$ cat protein.tsv   # TSV, C-alpha atoms
chain	number	residue	atom	x	y	z
B	77	MET	CA	22.24	5.75	-16.31
B	78	ALA	CA	18.55	5.57	-17.12
B	79	THR	CA	16.19	6.36	-14.29
B	80	THR	CA	14.15	3.29	-13.40
B	81	TYR	CA	11.41	4.83	-11.26
B	82	GLU	CA	10.49	8.34	-12.30
B	83	PRO	CA	7.61	10.72	-11.56
B	84	ILE	CA	5.64	11.61	-14.67
B	85	ALA	CA	2.94	13.82	-13.17
B	86	THR	CA	1.33	14.59	-9.86
B	87	THR	CA	-1.89	16.29	-8.79
B	88	THR	CA	-3.01	17.60	-5.42
B	89	LEU	CA	-6.58	18.81	-5.32
B	90	GLY	CA	-6.86	22.31	-3.91
B	91	SER	CA	-10.63	21.96	-3.76
B	92	ALA	CA	-13.12	19.15	-4.16
B	93	ALA	CA	-13.21	17.71	-7.68
B	94	SER	CA	-14.88	14.80	-9.41
B	95	SER	CA	-11.80	13.49	-11.17
B	96	ILE	CA	-8.08	13.56	-11.78
B	97	THR	CA	-6.71	12.96	-15.27
B	98	PHE	CA	-3.24	12.12	-16.43
B	99	SER	CA	-2.98	12.83	-20.15
B	100	SER	CA	-0.31	12.82	-22.86
B	101	ILE	CA	1.45	9.97	-21.09
B	102	THR	CA	4.70	9.24	-22.81
B	103	SER	CA	5.30	5.71	-24.08
B	104	ALA	CA	8.92	5.83	-22.96
B	105	TYR	CA	8.47	3.56	-19.94
B	106	THR	CA	7.80	-0.14	-19.51
B	107	ASP	CA	5.19	-0.01	-16.74
B	108	LEU	CA	3.21	2.64	-14.90
B	109	ARG	CA	2.53	3.00	-11.19
B	110	ILE	CA	-0.16	5.17	-9.60
B	111	ILE	CA	-0.15	6.19	-5.96
B	112	MET	CA	-3.46	7.78	-4.98
B	113	ASN	CA	-4.24	9.01	-1.50
B	114	VAL	CA	-7.92	9.90	-1.38
B	115	ALA	CA	-8.45	12.48	1.35
B	116	GLY	CA	-11.10	11.86	3.95
B	117	GLY	CA	-14.39	13.68	3.75
B	118	GLY	CA	-15.11	13.27	0.06
B	119	SER	CA	-18.53	12.39	-1.30
B	120	SER	CA	-17.56	9.58	-3.65
B	121	ASN	CA	-17.80	5.98	-2.56
B	122	PHE	CA	-15.36	4.47	-5.02
B	123	VAL	CA	-12.74	5.40	-7.57
B	124	GLN	CA	-13.45	4.50	-11.18
B	125	ILE	CA	-10.56	4.13	-13.58
B	126	ARG	CA	-10.70	4.53	-17.36
B	127	PHE	CA	-8.04	4.55	-20.02
B	128	ASN	CA	-7.86	6.72	-23.15
B	129	SER	CA	-11.36	8.10	-22.49
B	130	ASP	CA	-12.83	4.67	-23.26
B	131	ALA	CA	-16.23	4.39	-21.56
B	132	THR	CA	-17.33	1.28	-23.42
B	133	SER	CA	-17.68	-2.20	-21.96
B	134	ASN	CA	-14.04	-3.15	-22.45
B	135	TYR	CA	-13.20	-3.60	-18.79
B	136	SER	CA	-13.39	-6.51	-16.40
B	137	ARG	CA	-12.07	-7.17	-12.92
B	138	THR	CA	-11.70	-9.78	-10.19
B	139	SER	CA	-11.37	-8.61	-6.62
B	140	LEU	CA	-10.52	-10.02	-3.21
B	141	ILE	CA	-11.76	-7.87	-0.35
B	142	ALA	CA	-12.02	-8.02	3.43
B	143	ASP	CA	-14.04	-5.70	5.66
B	144	GLY	CA	-12.95	-6.75	9.12
B	145	SER	CA	-15.37	-9.64	9.42
B	146	THR	CA	-15.77	-11.32	6.06
B	147	VAL	CA	-13.61	-12.05	3.05
B	148	THR	CA	-15.19	-12.12	-0.39
B	149	SER	CA	-14.15	-12.34	-3.99
B	150	THR	CA	-16.20	-10.94	-6.81
B	151	ARG	CA	-15.84	-10.33	-10.47
B	152	ALA	CA	-17.44	-8.04	-13.00
B	153	SER	CA	-17.31	-8.42	-16.76
B	154	ALA	CA	-17.93	-6.03	-19.63
B	155	THR	CA	-18.01	-2.95	-17.44
B	156	ASN	CA	-17.42	0.61	-18.59
B	157	GLY	CA	-14.48	1.17	-16.27
B	158	LEU	CA	-12.50	-0.40	-13.48
B	159	LEU	CA	-13.62	0.19	-9.91
B	160	ASN	CA	-11.58	-0.01	-6.75
B	161	VAL	CA	-12.89	-2.04	-3.84
B	162	ALA	CA	-12.02	-0.09	-0.71
B	163	ALA	CA	-14.76	2.46	-0.22
B	164	SER	CA	-13.58	6.01	0.25
B	165	GLY	CA	-15.64	8.96	1.34
B	166	SER	CA	-15.10	8.27	5.02
B	167	VAL	CA	-13.47	10.75	7.36
B	168	GLN	CA	-10.17	8.94	6.93
B	169	PRO	CA	-7.95	8.80	3.86
B	170	GLU	CA	-7.80	5.85	1.50
B	171	LEU	CA	-4.66	4.57	-0.18
B	172	ILE	CA	-4.54	2.99	-3.65
B	173	LEU	CA	-1.31	1.51	-5.01
B	174	ALA	CA	-1.73	0.40	-8.62
B	175	ASP	CA	0.51	-1.01	-11.34
B	176	ILE	CA	-0.23	-1.08	-15.06
B	177	PHE	CA	1.94	-3.49	-16.93
B	178	SER	CA	3.22	-3.06	-20.49
B	179	TYR	CA	0.95	-0.07	-20.95
B	180	SER	CA	2.38	0.90	-24.32
B	181	ASN	CA	2.62	-2.58	-25.81
B	182	THR	CA	0.21	-2.55	-28.76
B	183	SER	CA	0.15	-6.35	-28.95
B	184	VAL	CA	-1.51	-6.98	-25.60
B	185	TYR	CA	-4.56	-6.08	-23.57
B	186	LYS	CA	-3.66	-4.11	-20.46
B	187	THR	CA	-3.64	-5.46	-16.91
B	188	TRP	CA	-4.10	-3.39	-13.77
B	189	LEU	CA	-3.11	-4.69	-10.33
B	190	SER	CA	-4.02	-2.65	-7.29
B	191	SER	CA	-3.86	-2.66	-3.52
B	192	ASP	CA	-6.75	-0.80	-1.87
B	193	ASN	CA	-6.53	0.27	1.75
B	194	SER	CA	-9.12	2.10	3.81
B	195	ASP	CA	-9.34	1.88	7.58
B	196	ALA	CA	-11.42	4.07	9.90
B	197	ASN	CA	-10.74	2.69	13.39
B	198	GLY	CA	-13.45	0.08	13.63
B	199	SER	CA	-14.49	-0.23	10.02
B	200	GLY	CA	-12.65	-0.47	6.76
B	201	ASN	CA	-11.74	-2.43	3.71
B	202	VAL	CA	-8.57	-3.97	2.41
B	203	GLY	CA	-8.40	-5.61	-0.97
B	204	ARG	CA	-6.59	-6.53	-4.12
B	205	ILE	CA	-7.90	-6.15	-7.65
B	206	VAL	CA	-6.82	-7.43	-10.99
B	207	GLY	CA	-8.38	-5.48	-13.82
B	208	LEU	CA	-8.28	-5.90	-17.56
B	209	TRP	CA	-8.78	-3.35	-20.33
B	210	ARG	CA	-9.44	-5.22	-23.53
B	211	SER	CA	-7.62	-2.88	-25.86
B	212	THR	CA	-4.28	-3.11	-27.60
B	213	ALA	CA	-3.94	0.67	-27.77
B	214	ALA	CA	-1.10	2.24	-25.86
B	215	ILE	CA	-2.41	3.97	-22.75
B	216	ASP	CA	-1.87	7.70	-23.03
B	217	THR	CA	-4.62	8.95	-20.71
B	218	ILE	CA	-5.77	7.74	-17.29
B	219	LEU	CA	-8.93	9.02	-15.67
B	220	LEU	CA	-9.47	8.60	-11.93
B	221	GLN	CA	-12.97	9.70	-11.08
B	222	GLY	CA	-15.38	9.47	-8.19
B	223	ASN	CA	-18.20	7.14	-9.09
B	224	THR	CA	-20.79	8.94	-6.99
B	225	GLY	CA	-19.37	12.37	-6.17
B	226	ASN	CA	-16.27	14.38	-5.53
B	227	PHE	CA	-12.86	13.69	-4.11
B	228	ALA	CA	-12.12	15.97	-1.17
B	229	ALA	CA	-9.51	18.71	-1.26
B	230	GLY	CA	-6.11	17.35	-0.38
B	231	THR	CA	-6.53	14.22	-2.47
B	232	THR	CA	-3.25	13.41	-4.19
B	233	ALA	CA	-2.38	11.22	-7.16
B	234	THR	CA	1.02	10.64	-8.67
B	235	LEU	CA	1.88	8.76	-11.84
B	236	TYR	CA	5.29	7.11	-12.01
B	237	GLY	CA	7.02	5.49	-14.96
B	238	ILE	CA	9.08	2.37	-14.49
B	239	LEU	CA	11.77	1.64	-17.02
B	240	LYS	CA	13.24	-1.79	-17.48
B	241	ALA	CA	16.54	-0.38	-18.75
I	142	MET	CA	18.36	14.78	-11.67
I	143	ALA	CA	17.06	13.89	-8.24
I	144	SER	CA	16.56	10.21	-7.61
I	145	THR	CA	12.91	9.24	-7.12
I	146	TYR	CA	13.35	6.07	-5.08
I	147	THR	CA	16.15	6.61	-2.59
I	148	LEU	CA	17.50	4.56	0.27
I	149	ILE	CA	17.28	6.72	3.40
I	150	SER	CA	18.69	4.24	5.85
I	151	SER	CA	19.13	0.54	6.48
I	152	ASN	CA	19.90	-1.77	9.35
I	153	VAL	CA	21.02	-5.38	8.94
I	154	LEU	CA	21.31	-6.94	12.36
I	155	SER	CA	24.59	-8.60	13.31
I	156	GLY	CA	23.13	-9.64	16.64
I	157	SER	CA	19.72	-9.82	18.24
I	158	ALA	CA	17.77	-6.64	18.93
I	159	ALA	CA	14.41	-5.90	20.50
I	160	SER	CA	13.69	-3.12	18.02
I	161	VAL	CA	15.02	-1.08	15.14
I	162	THR	CA	14.44	2.66	14.89
I	163	PHE	CA	14.79	4.98	11.96
I	164	SER	CA	15.00	8.50	13.38
I	165	SER	CA	15.45	11.98	11.96
I	166	ILE	CA	13.65	10.96	8.78
I	167	PRO	CA	13.95	13.92	6.42
I	168	SER	CA	10.73	15.58	5.29
I	169	THR	CA	12.00	15.97	1.73
I	170	TYR	CA	10.20	12.98	0.27
I	171	THR	CA	6.57	12.40	-0.66
I	172	ASP	CA	6.14	8.81	0.50
I	173	LEU	CA	8.07	6.25	2.55
I	174	VAL	CA	8.56	2.55	1.89
I	175	LEU	CA	9.83	0.07	4.47
I	176	ARG	CA	11.03	-3.30	3.22
I	177	VAL	CA	12.04	-5.92	5.74
I	178	SER	CA	13.22	-9.48	6.08
I	179	LEU	CA	12.96	-10.60	9.68
I	180	ARG	CA	12.69	-13.42	12.17
I	181	THR	CA	12.16	-13.24	15.90
I	182	ASP	CA	13.13	-15.50	18.78
I	183	THR	CA	9.52	-15.79	19.90
I	184	SER	CA	8.52	-19.39	20.57
I	185	ALA	CA	6.03	-19.65	17.72
I	186	SER	CA	5.99	-20.36	14.01
I	187	PHE	CA	4.43	-17.08	12.95
I	188	VAL	CA	4.45	-13.85	14.90
I	189	GLN	CA	3.09	-10.35	15.02
I	190	THR	CA	5.50	-7.44	15.28
I	191	ASN	CA	4.77	-3.88	16.32
I	192	LEU	CA	5.31	-0.57	14.58
I	193	THR	CA	5.12	2.91	16.10
I	194	PHE	CA	5.65	6.36	14.68
I	195	ASN	CA	7.33	9.27	16.45
I	196	SER	CA	7.62	7.18	19.67
I	197	ASP	CA	3.87	7.58	19.97
I	198	SER	CA	2.24	4.77	21.96
I	199	SER	CA	-1.14	6.40	22.40
I	200	ALA	CA	-4.21	4.46	21.31
I	201	ILE	CA	-4.55	5.99	17.85
I	202	TYR	CA	-3.57	3.07	15.61
I	203	SER	CA	-6.14	0.91	13.88
I	204	ALA	CA	-6.34	-1.56	11.02
I	205	THR	CA	-8.43	-3.79	8.81
I	206	TYR	CA	-6.76	-7.14	8.18
I	207	LEU	CA	-7.00	-9.90	5.63
I	208	TYR	CA	-5.32	-13.15	6.62
I	209	GLY	CA	-4.60	-16.35	4.79
I	210	THR	CA	-3.54	-19.65	6.35
I	211	GLY	CA	-3.20	-21.79	3.28
I	212	SER	CA	-6.62	-23.29	3.84
I	213	ALA	CA	-8.81	-20.40	4.92
I	214	ALA	CA	-9.04	-16.62	4.77
I	215	SER	CA	-10.42	-14.32	7.42
I	216	SER	CA	-10.63	-10.66	8.32
I	217	THR	CA	-10.49	-8.60	11.51
I	218	ASN	CA	-10.66	-4.96	12.58
I	219	TYR	CA	-8.36	-3.70	15.31
I	220	THR	CA	-9.26	-0.41	16.95
I	221	ALA	CA	-7.53	2.03	19.29
I	222	ASP	CA	-4.28	0.11	19.38
I	223	THR	CA	-1.12	1.58	20.89
I	224	TYR	CA	0.93	0.37	17.91
I	225	ALA	CA	0.39	-0.88	14.40
I	226	ARG	CA	0.29	-4.67	14.30
I	227	GLU	CA	2.49	-5.96	11.49
I	228	VAL	CA	1.88	-9.56	10.42
I	229	TYR	CA	3.06	-12.19	9.60
I	230	TYR	CA	6.71	-12.94	10.21
I	231	ASP	CA	8.76	-15.95	11.24
I	232	GLY	CA	9.23	-16.95	14.86
I	233	ALA	CA	11.66	-19.36	16.45
I	234	ASN	CA	9.56	-22.42	15.58
I	235	ALA	CA	9.51	-21.68	11.87
I	236	THR	CA	11.73	-23.73	9.62
I	237	SER	CA	15.37	-22.87	10.15
I	238	ASN	CA	16.83	-20.08	8.04
I	239	THR	CA	13.44	-18.78	6.93
I	240	PHE	CA	12.68	-15.11	7.40
I	241	GLY	CA	9.39	-13.34	6.90
I	242	SER	CA	9.24	-10.66	4.23
I	243	GLY	CA	7.17	-7.52	4.24
I	244	GLU	CA	6.59	-4.08	2.85
I	245	ILE	CA	4.90	-1.03	4.30
I	246	TYR	CA	3.90	1.91	2.12
I	247	ILE	CA	3.28	5.25	3.86
I	248	PRO	CA	2.03	8.00	1.54
I	249	ASN	CA	2.14	11.70	2.39
I	250	TYR	CA	4.00	11.04	5.63
I	251	THR	CA	4.54	14.77	6.21
I	252	SER	CA	0.87	15.67	5.76
I	253	THR	CA	-1.16	17.30	8.50
I	254	THR	CA	-3.89	14.68	8.26
I	255	SER	CA	-4.24	11.15	9.58
I	256	LYS	CA	-1.91	8.70	7.87
I	257	SER	CA	-3.44	5.83	5.93
I	258	PHE	CA	-0.87	3.20	5.04
I	259	SER	CA	-0.67	-0.33	3.70
I	260	ALA	CA	1.24	-3.37	4.87
I	261	PHE	CA	1.91	-6.80	3.47
I	262	GLY	CA	3.76	-9.54	5.37
I	263	VAL	CA	4.36	-13.21	4.77
I	264	GLU	CA	5.65	-16.18	6.72
I	265	GLU	CA	6.30	-19.09	4.36
I	266	ASP	CA	8.40	-21.97	5.63
I	267	ASN	CA	7.18	-25.09	3.87
I	268	ASN	CA	5.00	-25.79	6.86
I	269	SER	CA	1.28	-25.88	7.48
I	270	ALA	CA	1.63	-22.97	9.91
I	271	ALA	CA	2.55	-20.53	7.13
I	272	ARG	CA	0.63	-17.26	7.03
I	273	ILE	CA	0.01	-14.27	4.80
I	274	GLY	CA	-1.27	-10.91	5.99
I	275	VAL	CA	-2.54	-7.85	4.13
I	276	GLU	CA	-3.44	-4.77	6.13
I	277	ALA	CA	-5.05	-1.38	5.64
I	278	GLN	CA	-3.76	0.65	8.54
I	279	LEU	CA	-4.40	4.06	10.03
I	280	TYR	CA	-2.42	6.35	12.32
I	281	ARG	CA	-4.70	9.11	13.54
I	282	ASN	CA	-2.11	11.77	14.12
I	283	THR	CA	-1.60	14.95	12.12
I	284	SER	CA	2.12	15.34	12.82
I	285	ALA	CA	4.71	14.56	10.19
I	286	ILE	CA	6.33	11.18	10.69
I	287	SER	CA	9.97	11.72	11.64
I	288	SER	CA	10.78	8.40	13.25
I	289	ILE	CA	9.68	4.79	12.88
I	290	THR	CA	10.30	2.01	15.38
I	291	TRP	CA	9.75	-1.62	14.44
I	292	ALA	CA	9.76	-3.88	17.49
I	293	ALA	CA	9.40	-7.54	18.33
I	294	THR	CA	6.70	-8.29	20.85
I	295	SER	CA	7.50	-7.54	24.46
I	296	GLY	CA	10.48	-9.48	25.78
I	297	GLN	CA	11.36	-10.88	22.36
I	298	ASN	CA	14.04	-10.02	19.83
I	299	PHE	CA	14.72	-9.89	16.13
I	300	VAL	CA	17.46	-12.37	15.33
I	301	SER	CA	20.76	-11.71	13.60
I	302	GLY	CA	20.38	-11.36	9.85
I	303	SER	CA	17.07	-9.53	10.05
I	304	SER	CA	17.17	-6.55	7.71
I	305	PHE	CA	15.29	-3.28	7.53
I	306	TYR	CA	15.42	-0.83	4.63
I	307	LEU	CA	13.74	2.57	4.56
I	308	TYR	CA	13.27	4.29	1.20
I	309	GLY	CA	11.98	7.73	0.31
I	310	ILE	CA	9.95	8.36	-2.82
I	311	LYS	CA	9.70	11.79	-4.44
I	312	ASN	CA	6.90	12.76	-6.77
I	313	SER	CA	8.91	15.49	-8.46

$ encode --input "protein.tsv" --output "C-alpha cells"
Amino acid sequence: MATTYEPIATTTLGSAASSITFSSITSAYTDLRIIMNVAGGGSSNFVQIRFNSDATSNYSRTSLIADGSTVTSTRASATNGLLNVAASGSVQPELILADIFSYSNTSVYKTWLSSDNSDANGSGNVGRIVGLWRSTAAIDTILLQGNTGNFAAGTTATLYGILKA
Amino acid sequence: MASTYTLISSNVLSGSAASVTFSSIPSTYTDLVLRVSLRTDTSASFVQTNLTFNSDSSAIYSATYLYGTGSAASSTNYTADTYAREVYYDGANATSNTFGSGEIYIPNYTSTTSKSFSAFGVEEDNNSAARIGVEAQLYRNTSAISSITWAATSGQNFVSGSSFYLYGIKNS
C-alpha cells in the first residue's frame, strides 16, 4: 500500500544559521507539509519562504493575526517571498505548520496555507496565512530563511509528502 | 517501512468521564497530534476544557488566543496558567447531538526545551452562540511529555460518545 504521509527530509540546526533549504524535492507526492519549530533565542524576527530560488515579485499573501489584544488582517502583493506572521526570535520557540497544495501541478499557481504560533507567557502571536506563488513550475526547492538574522541552534524543519493514492 | 502517522492510542467514551489520560506515551516519535470530538455536561453552549502534561499543574502554561463568535473576533493572552485552556467545545446547552471538534499539534515533545504547540477548536451548532478558537500555546517545561490529560472543567464531565485520538508522527 502506498504511504500517504511520508517524511522527505528533515533538518535540525546544530548551530545558528540563516536558512534551511529543502532541495531536489521529488514530484511523486500530491501535496507537501512543512513542520518548522523555530528555537527560542534566534535573531530573526520572521521566516521568509521562497520556492525554486525565485526572489522576484511573484508572491502575495493575506494574513489574519492576533497578538493577545487585537486582531488584524493584512495583505501584501508582489513581494519577493512569503513571510510568516508570528514573530520569532523570542526566548520561546515558534511553531509553523504549513501546507503546499498541488506543488508539482504545472497548470496552476501554488498556494501555501500556514498556521503560525508563538507564545511567550504574556506576549505572542497566533495567525493564519494564505500565500500565493504565481508560477506554474513544479516546486523542487523550498527556502526557509530568517528575514533579519539567524535561526537559533535547535531549530527543526521537516518536509513531508502527502500522497492521494 | 515505518509508518509516519501512527495511532498511539484512542478513547471513545461509552459513558461520562471527567477526564481522559494518555499515559506512557512512547518517546519514539517526533511530534504528537491529538484529534478530538467532544461535548461536556456543563450548563453552557460553548465551553473551555483543560489540558495538562505529565500531571503537571504548576503555573507554567500560557497562550495567545484568537476567537471568533460569528460576528466579531478578539484576542487574549493568558499567562501563568496551571493548565492549557482548550477552546471551544460544546456544552450541554448546545444543539443536541453536536460535538466540538479540535486538533492539537505538539512538535518535538521529547525535547529538553519549552514546548510550543498549537490548538484549534470549534463549537458549531447552528446557533448564534457558536465559537471558533485558535491558540498558540506554551508549556514552559523541559521534560519530555509522557502523559497528556484532557479534562472537563471542575465538576463537569465529557459525555458519552466523546472521542480522543492520539497520533505520533515520525520525521524519519

$ atom_distance --input "protein.tsv" --atom1 "CA of Ile238 (chain B)" --atom2 "CA of Asp175 (chain B)"
9.7 Å

$ closest_atom_pairs --input "protein.tsv" --of "chain I" --to "chain B" --cutoff "8 Å" --atoms "all atoms listed in the file" --output "CSV"
residue,atom,partner,partner_atom,distance
I:Ser144,CA,B:Thr79,CA,7.7
I:Thr145,CA,B:Glu82,CA,5.8
I:Tyr146,CA,B:Tyr81,CA,6.6
I:Tyr202,CA,B:Asn197,CA,7.5
I:Ser203,CA,B:Asn197,CA,5.0
I:Ala204,CA,B:Asp195,CA,5.7
I:Thr205,CA,B:Gly144,CA,5.4
I:Tyr206,CA,B:Gly144,CA,6.3
I:Leu207,CA,B:Ala142,CA,5.8
I:Ala214,CA,B:Val147,CA,6.7
I:Ser215,CA,B:Val147,CA,5.9
I:Ser216,CA,B:Gly144,CA,4.6
I:Thr217,CA,B:Gly144,CA,3.9
I:Asn218,CA,B:Gly144,CA,4.5
I:Tyr219,CA,B:Gly198,CA,6.6
I:Thr220,CA,B:Asn197,CA,4.9
I:Ala221,CA,B:Asn197,CA,6.7
I:Pro248,CA,B:Asn113,CA,7.0
I:Asn249,CA,B:Asn113,CA,7.9
I:Ser255,CA,B:Gln168,CA,6.9
I:Lys256,CA,B:Pro169,CA,7.3
I:Ser257,CA,B:Pro169,CA,5.8
I:Phe258,CA,B:Leu171,CA,6.6
I:Ser259,CA,B:Asn193,CA,6.2
I:Val275,CA,B:Val202,CA,7.4
I:Glu276,CA,B:Val202,CA,6.4
I:Ala277,CA,B:Asn193,CA,4.5
I:Gln278,CA,B:Asp195,CA,5.8
I:Leu279,CA,B:Asp195,CA,5.9
I:Lys311,CA,B:Pro83,CA,7.5
I:Asn312,CA,B:Pro83,CA,5.3
I:Ser313,CA,B:Pro83,CA,5.8

$ atom_distance --input "protein.tsv" --atom1 "CA of Ile247 (chain I)" --atom2 "CA of Val161 (chain I)"
17.5 Å

$ atom_distance --input "protein.tsv" --atom1 "CA of Asn282 (chain I)" --atom2 "CA of Leu148 (chain I)"
25.1 Å

$ residues_around --input "protein.tsv" --residues "region 184-196 of chain I" --least-positions-apart "6" --cutoff "8 Å" --atoms "all atoms listed in the file" --output "NGL selection string"
:I and (223-236 or 264 or 270-272 or 286-294)

$ residues_around --input "protein.tsv" --residues "Asn128 (chain B)" --least-positions-apart "3" --cutoff "7 Å" --atoms "all atoms listed in the file" --output "list of chain:residue names"
B:Ile215, B:Asp216, B:Thr217, B:Ile218

$ write_last_selection --input "protein.tsv" --atoms "C-alpha atoms" --output "PDB file, keeping the file's coordinate frame"
ATOM      1  CA  ILE B 215      -2.410   3.970 -22.750  1.00  0.00           C
ATOM      2  CA  ASP B 216      -1.870   7.700 -23.030  1.00  0.00           C
ATOM      3  CA  THR B 217      -4.620   8.950 -20.710  1.00  0.00           C
ATOM      4  CA  ILE B 218      -5.770   7.740 -17.290  1.00  0.00           C
TER       5      ILE B 218
END

$ residues_near_point --input "protein.tsv" --point "(15.6, -2.0, 13.8)" --cutoff "9 Å" --atoms "all atoms listed in the file" --output "PDB file with C-alpha atoms, keeping the file's coordinate frame"
ATOM      1  CA  SER I 151      19.130   0.540   6.480  1.00  0.00           C
ATOM      2  CA  ASN I 152      19.900  -1.770   9.350  1.00  0.00           C
ATOM      3  CA  VAL I 153      21.020  -5.380   8.940  1.00  0.00           C
ATOM      4  CA  LEU I 154      21.310  -6.940  12.360  1.00  0.00           C
ATOM      5  CA  ALA I 158      17.770  -6.640  18.930  1.00  0.00           C
ATOM      6  CA  ALA I 159      14.410  -5.900  20.500  1.00  0.00           C
ATOM      7  CA  SER I 160      13.690  -3.120  18.020  1.00  0.00           C
ATOM      8  CA  VAL I 161      15.020  -1.080  15.140  1.00  0.00           C
ATOM      9  CA  THR I 162      14.440   2.660  14.890  1.00  0.00           C
ATOM     10  CA  PHE I 163      14.790   4.980  11.960  1.00  0.00           C
ATOM     11  CA  THR I 290      10.300   2.010  15.380  1.00  0.00           C
ATOM     12  CA  TRP I 291       9.750  -1.620  14.440  1.00  0.00           C
ATOM     13  CA  ALA I 292       9.760  -3.880  17.490  1.00  0.00           C
ATOM     14  CA  PHE I 299      14.720  -9.890  16.130  1.00  0.00           C
ATOM     15  CA  SER I 303      17.070  -9.530  10.050  1.00  0.00           C
ATOM     16  CA  SER I 304      17.170  -6.550   7.710  1.00  0.00           C
ATOM     17  CA  PHE I 305      15.290  -3.280   7.530  1.00  0.00           C
TER      18      PHE I 305
END
